[in-house]
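Everything below concerns the one structure shown next.
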Amino acid sequence: MDTATQDSGMPLTGHLRELRRRLLRCLLAIAVIFLGLFPFAQTLYTQVSEPLRRYLPEGASMIATSVTSPFLAPFKLTLMAALFVAMPVLLHQAWSFIAPAMYRQEKRIALPLLVSSIVLFYSGMAFAFFVVFPMMFGFFASVTPDGVAMMTDIGLYLDFILALFLAFGLAFEIPVATVIIVWAGVTDVATLRKSRPYVIVGCFVVGMLLTPPDVFSQTLLAVPMWILFEVGLVACGFAGVQVRRADLPCDQA
């Protein structure tokens, strides 16, 4: 019997109770991580702002233009950090909720994709922090006009980097998305290869929409997106083998 039928008799109220239980666990995980990180909120903000502070002119510093910014900016950063750190727990709870309704063949590819999506999301954030931020802030500092003091508001800086963290984290999910659409039969690898010029243009359009309005950060997002698309095409070769095996009856798989 397929595993997708094992809980088919559960009433709607049972599914709602199960969903509530999973959501409460997600909120609890975020709250626990947040409480553990909050005593280090100021230190955490200092570390996150270091890619910009290293390029500030001598004697310059970041500023707070709002009375509440010195408290709210580290608070917001800690909350978002708790959400990012708890992402494996959140995805695990989502997986635990939908897995009973999936066929065994679907689980064979869904679970590796879930793990890959977590790794790729964190890789995108790491790429943004260790590669993109130093290059971008160094470029901005080098083109600052004479007579202009480069002093950034801590709240605006936080909004800026959080948007980039999210943009690069989502952009690095392209290989997973590529495998999913091929596996689901939406398209095939040959069609995606023929569409490569349109994909490249699309990467720059997405980079324009997801990043601040400057060509530098748009390019730093668009080029990795294109490379990851190519990685996804390569991964589809392996995924195609798995799908063909999954299409066999259970006694032949």
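Letters A, B, ... mark the chains of the structure tokens in the order given; residue numbers begin at 1 per chain; ligand numbers begin at 1, in order shown.
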
- Query: Leaving out Leu220 of chain A and any residue of its chain fewer than 2 positions from it, which residues lie within 12 Å of it when counting only C-alpha atoms, given as a count of residues only?
  - Reply: 32

- Message: From a backbone DSSP assignment, name each residue in segment 7-225 of chain A labelled helix (DSSP H, G or I), as a ChimeraX atom specification.
- Response: /A:12-48,50-53,69-85,87-101,104-142,154-171,174-183,189-194,196-210,215-225

- Task: For Val176 of chain A, list every protein, DNA or RNA residue within 10 Å, evaluated using only C-alpha atoms, and leave out those in the same chain fewer than 2 positions away; present the list as a list in words.
- Result: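 So, after excluding close chain neighbours, the residues are Pro112, Leu113, Leu114, Ser116, Ser117, Leu120, Phe172, Glu173, Ile174, Thr178, Val179, Ile180, Ile181, Leu228, Phe229, Val231, Gly232, Ala235 and Cys236 of chain A.
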
- Task: For Ser66 of chain A, please output as a ChimeraX atom specification all residues within 12 Å (counting only C-alpha atoms; exclusion window: fewer than 2 positions along the same chain).
- Result: /A:63-64,68-73,153-156

Selection file, N, CA and C atoms, as a CSV table (one decimal), in the first residue's frame:
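Saved file part_35.csv follows:
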```csv
chain,number,residue,atom,x,y,z
A,63,ILE,N,25.5,55.8,11.8
A,63,ILE,CA,24.7,56.7,12.7
A,63,ILE,C,23.3,56.2,12.9
A,64,ALA,N,22.6,56.7,13.8
A,64,ALA,CA,21.2,56.3,14.1
A,64,ALA,C,20.4,57.6,14.0
A,68,THR,N,14.7,55.4,18.4
A,68,THR,CA,14.6,54.0,18.7
A,68,THR,C,15.5,53.0,17.9
A,69,SER,N,16.2,53.5,16.9
A,69,SER,CA,17.1,52.7,16.1
A,69,SER,C,18.1,51.9,16.9
A,70,PRO,N,18.8,52.5,17.9
A,70,PRO,CA,19.9,51.8,18.6
A,70,PRO,C,19.3,50.5,19.2
A,71,PHE,N,18.0,50.5,19.5
A,71,PHE,CA,17.4,49.2,20.1
A,71,PHE,C,16.8,48.4,19.1
A,72,LEU,N,16.0,49.0,18.2
A,72,LEU,CA,15.2,48.3,17.2
A,72,LEU,C,16.0,47.6,16.2
A,73,ALA,N,17.1,48.2,15.7
A,73,ALA,CA,17.9,47.6,14.7
A,73,ALA,C,18.5,46.3,15.1
A,153,ASP,N,22.9,55.1,8.0
A,153,ASP,CA,22.0,54.9,9.2
A,153,ASP,C,21.9,53.4,9.4
A,154,ILE,N,21.9,53.0,10.7
A,154,ILE,CA,22.0,51.6,11.1
A,154,ILE,C,20.7,50.9,10.7
A,155,GLY,N,19.5,51.5,10.7
A,155,GLY,CA,18.3,50.9,10.3
A,155,GLY,C,18.2,50.7,8.8
A,156,LEU,N,18.6,51.7,8.0
A,156,LEU,CA,18.7,51.6,6.6
A,156,LEU,C,19.6,50.5,6.1
```

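Minimum distance to Ile33 of chain A across A:Phe165, A:Phe160, A:Phe84, A:Tyr198 (counting only C-alpha atoms) occurs at A:Phe84.
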
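In this comparison, which uses only C-alpha atoms, the residue of A:Val119, A:Ala99, A:Leu209, A:Val182 approaching Gly237 of chain A most closely is A:Val182.
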
- Message: When you look at Leu158 of chain A with a cut-off of 9 Å (counting only C-alpha atoms), what residues show up, excluding the ones that are within fewer than 4 positions of it in the same chain? I need them as a ChimeraX atom specification.
- Response: /A:45,48-49,73-74,76-77,153-154,162-163

Pull all heavy atoms from the residues just selected and write them as a PDB file, in the first residue's frame.
```
ATOM      1  N   TYR A  45      25.008  42.630  15.681  1.00  0.00           N
ATOM      2  CA  TYR A  45      24.919  43.741  14.727  1.00  0.00           C
ATOM      3  C   TYR A  45      26.312  44.253  14.365  1.00  0.00           C
ATOM      4  O   TYR A  45      26.565  44.601  13.206  1.00  0.00           O
ATOM      5  CB  TYR A  45      24.077  44.884  15.299  1.00  0.00           C
ATOM      6  CG  TYR A  45      23.722  45.904  14.245  1.00  0.00           C
ATOM      7  CD1 TYR A  45      22.526  45.816  13.551  1.00  0.00           C
ATOM      8  CD2 TYR A  45      24.609  46.929  13.925  1.00  0.00           C
ATOM      9  CE1 TYR A  45      22.218  46.738  12.550  1.00  0.00           C
ATOM     10  CE2 TYR A  45      24.306  47.848  12.931  1.00  0.00           C
ATOM     11  CZ  TYR A  45      23.107  47.741  12.253  1.00  0.00           C
ATOM     12  OH  TYR A  45      22.817  48.641  11.259  1.00  0.00           O
ATOM     13  N   VAL A  48      27.660  41.930  11.739  1.00  0.00           N
ATOM     14  CA  VAL A  48      26.980  42.042  10.447  1.00  0.00           C
ATOM     15  C   VAL A  48      27.323  43.341   9.757  1.00  0.00           C
ATOM     16  O   VAL A  48      27.372  43.412   8.514  1.00  0.00           O
ATOM     17  CB  VAL A  48      25.450  41.907  10.657  1.00  0.00           C
ATOM     18  CG1 VAL A  48      24.689  42.258   9.389  1.00  0.00           C
ATOM     19  CG2 VAL A  48      25.092  40.494  11.095  1.00  0.00           C
ATOM     20  N   SER A  49      27.591  44.399  10.527  1.00  0.00           N
ATOM     21  CA  SER A  49      27.911  45.693   9.921  1.00  0.00           C
ATOM     22  C   SER A  49      29.385  45.838   9.567  1.00  0.00           C
ATOM     23  O   SER A  49      29.783  46.839   8.960  1.00  0.00           O
ATOM     24  CB  SER A  49      27.521  46.829  10.873  1.00  0.00           C
ATOM     25  OG  SER A  49      28.277  46.757  12.084  1.00  0.00           O
ATOM     26  N   ALA A  73      17.069  48.220  15.716  1.00  0.00           N
ATOM     27  CA  ALA A  73      17.877  47.606  14.662  1.00  0.00           C
ATOM     28  C   ALA A  73      18.502  46.285  15.132  1.00  0.00           C
ATOM     29  O   ALA A  73      18.350  45.256  14.457  1.00  0.00           O
ATOM     30  CB  ALA A  73      18.946  48.573  14.171  1.00  0.00           C
ATOM     31  N   PRO A  74      19.194  46.238  16.277  1.00  0.00           N
ATOM     32  CA  PRO A  74      19.696  44.944  16.753  1.00  0.00           C
ATOM     33  C   PRO A  74      18.575  43.955  17.070  1.00  0.00           C
ATOM     34  O   PRO A  74      18.724  42.733  16.858  1.00  0.00           O
ATOM     35  CB  PRO A  74      20.481  45.312  18.022  1.00  0.00           C
ATOM     36  CG  PRO A  74      20.857  46.734  17.825  1.00  0.00           C
ATOM     37  CD  PRO A  74      19.702  47.345  17.103  1.00  0.00           C
ATOM     38  N   LYS A  76      15.601  43.710  15.559  1.00  0.00           N
ATOM     39  CA  LYS A  76      15.117  43.179  14.298  1.00  0.00           C
ATOM     40  C   LYS A  76      16.102  42.195  13.695  1.00  0.00           C
ATOM     41  O   LYS A  76      15.711  41.138  13.160  1.00  0.00           O
ATOM     42  CB  LYS A  76      14.851  44.335  13.324  1.00  0.00           C
ATOM     43  CG  LYS A  76      14.309  43.911  11.979  1.00  0.00           C
ATOM     44  CD  LYS A  76      14.061  45.122  11.103  1.00  0.00           C
ATOM     45  CE  LYS A  76      13.539  44.710   9.729  1.00  0.00           C
ATOM     46  NZ  LYS A  76      13.294  45.902   8.857  1.00  0.00           N
ATOM     47  N   LEU A  77      17.387  42.530  13.776  1.00  0.00           N
ATOM     48  CA  LEU A  77      18.405  41.630  13.244  1.00  0.00           C
ATOM     49  C   LEU A  77      18.389  40.297  13.984  1.00  0.00           C
ATOM     50  O   LEU A  77      18.481  39.234  13.365  1.00  0.00           O
ATOM     51  CB  LEU A  77      19.785  42.277  13.361  1.00  0.00           C
ATOM     52  CG  LEU A  77      20.970  41.392  12.969  1.00  0.00           C
ATOM     53  CD1 LEU A  77      20.866  40.968  11.516  1.00  0.00           C
ATOM     54  CD2 LEU A  77      22.287  42.114  13.226  1.00  0.00           C
ATOM     55  N   ASP A 153      22.899  55.118   8.046  1.00  0.00           N
ATOM     56  CA  ASP A 153      21.990  54.877   9.160  1.00  0.00           C
ATOM     57  C   ASP A 153      21.901  53.380   9.440  1.00  0.00           C
ATOM     58  O   ASP A 153      21.794  52.568   8.508  1.00  0.00           O
ATOM     59  CB  ASP A 153      20.606  55.426   8.830  1.00  0.00           C
ATOM     60  CG  ASP A 153      19.592  55.126   9.916  1.00  0.00           C
ATOM     61  OD1 ASP A 153      19.676  55.749  10.986  1.00  0.00           O
ATOM     62  OD2 ASP A 153      18.734  54.242   9.694  1.00  0.00           O
ATOM     63  N   ILE A 154      21.937  52.992  10.710  1.00  0.00           N
ATOM     64  CA  ILE A 154      21.973  51.575  11.056  1.00  0.00           C
ATOM     65  C   ILE A 154      20.681  50.863  10.653  1.00  0.00           C
ATOM     66  O   ILE A 154      20.697  49.674  10.289  1.00  0.00           O
ATOM     67  CB  ILE A 154      22.244  51.377  12.560  1.00  0.00           C
ATOM     68  CG1 ILE A 154      21.164  52.045  13.412  1.00  0.00           C
ATOM     69  CG2 ILE A 154      23.623  51.914  12.921  1.00  0.00           C
ATOM     70  CD1 ILE A 154      21.320  51.764  14.901  1.00  0.00           C
ATOM     71  N   LEU A 162      19.375  42.740   4.776  1.00  0.00           N
ATOM     72  CA  LEU A 162      18.373  41.685   4.905  1.00  0.00           C
ATOM     73  C   LEU A 162      17.726  41.392   3.552  1.00  0.00           C
ATOM     74  O   LEU A 162      17.459  40.228   3.222  1.00  0.00           O
ATOM     75  CB  LEU A 162      17.306  42.082   5.926  1.00  0.00           C
ATOM     76  CG  LEU A 162      17.723  42.062   7.395  1.00  0.00           C
ATOM     77  CD1 LEU A 162      16.564  42.486   8.285  1.00  0.00           C
ATOM     78  CD2 LEU A 162      18.219  40.675   7.807  1.00  0.00           C
ATOM     79  N   ALA A 163      17.485  42.442   2.774  1.00  0.00           N
ATOM     80  CA  ALA A 163      16.931  42.236   1.432  1.00  0.00           C
ATOM     81  C   ALA A 163      17.898  41.441   0.566  1.00  0.00           C
ATOM     82  O   ALA A 163      17.487  40.540  -0.187  1.00  0.00           O
ATOM     83  CB  ALA A 163      16.615  43.586   0.787  1.00  0.00           C
TER      84      ALA A 163
END
```

- Message: Give me the residues near Ala60 of chain A as an NGL selection string, where near means some atom within 10 Å (using only C-alpha atoms) and where sequence neighbours in that chain fewer than 4 positions away do not count.
- Response: :A and (53 or 55-56 or 149-152)

- Task: Find, counting only C-alpha atoms, the residue in A:Gly185, A:Pro51, A:Gly36, A:Pro197 that gets nearest to Val85 of chain A.
- Result: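 Between A:Gly185, A:Pro51, A:Gly36, A:Pro197, the residue approaching Val85 of chain A most closely is A:Gly36.
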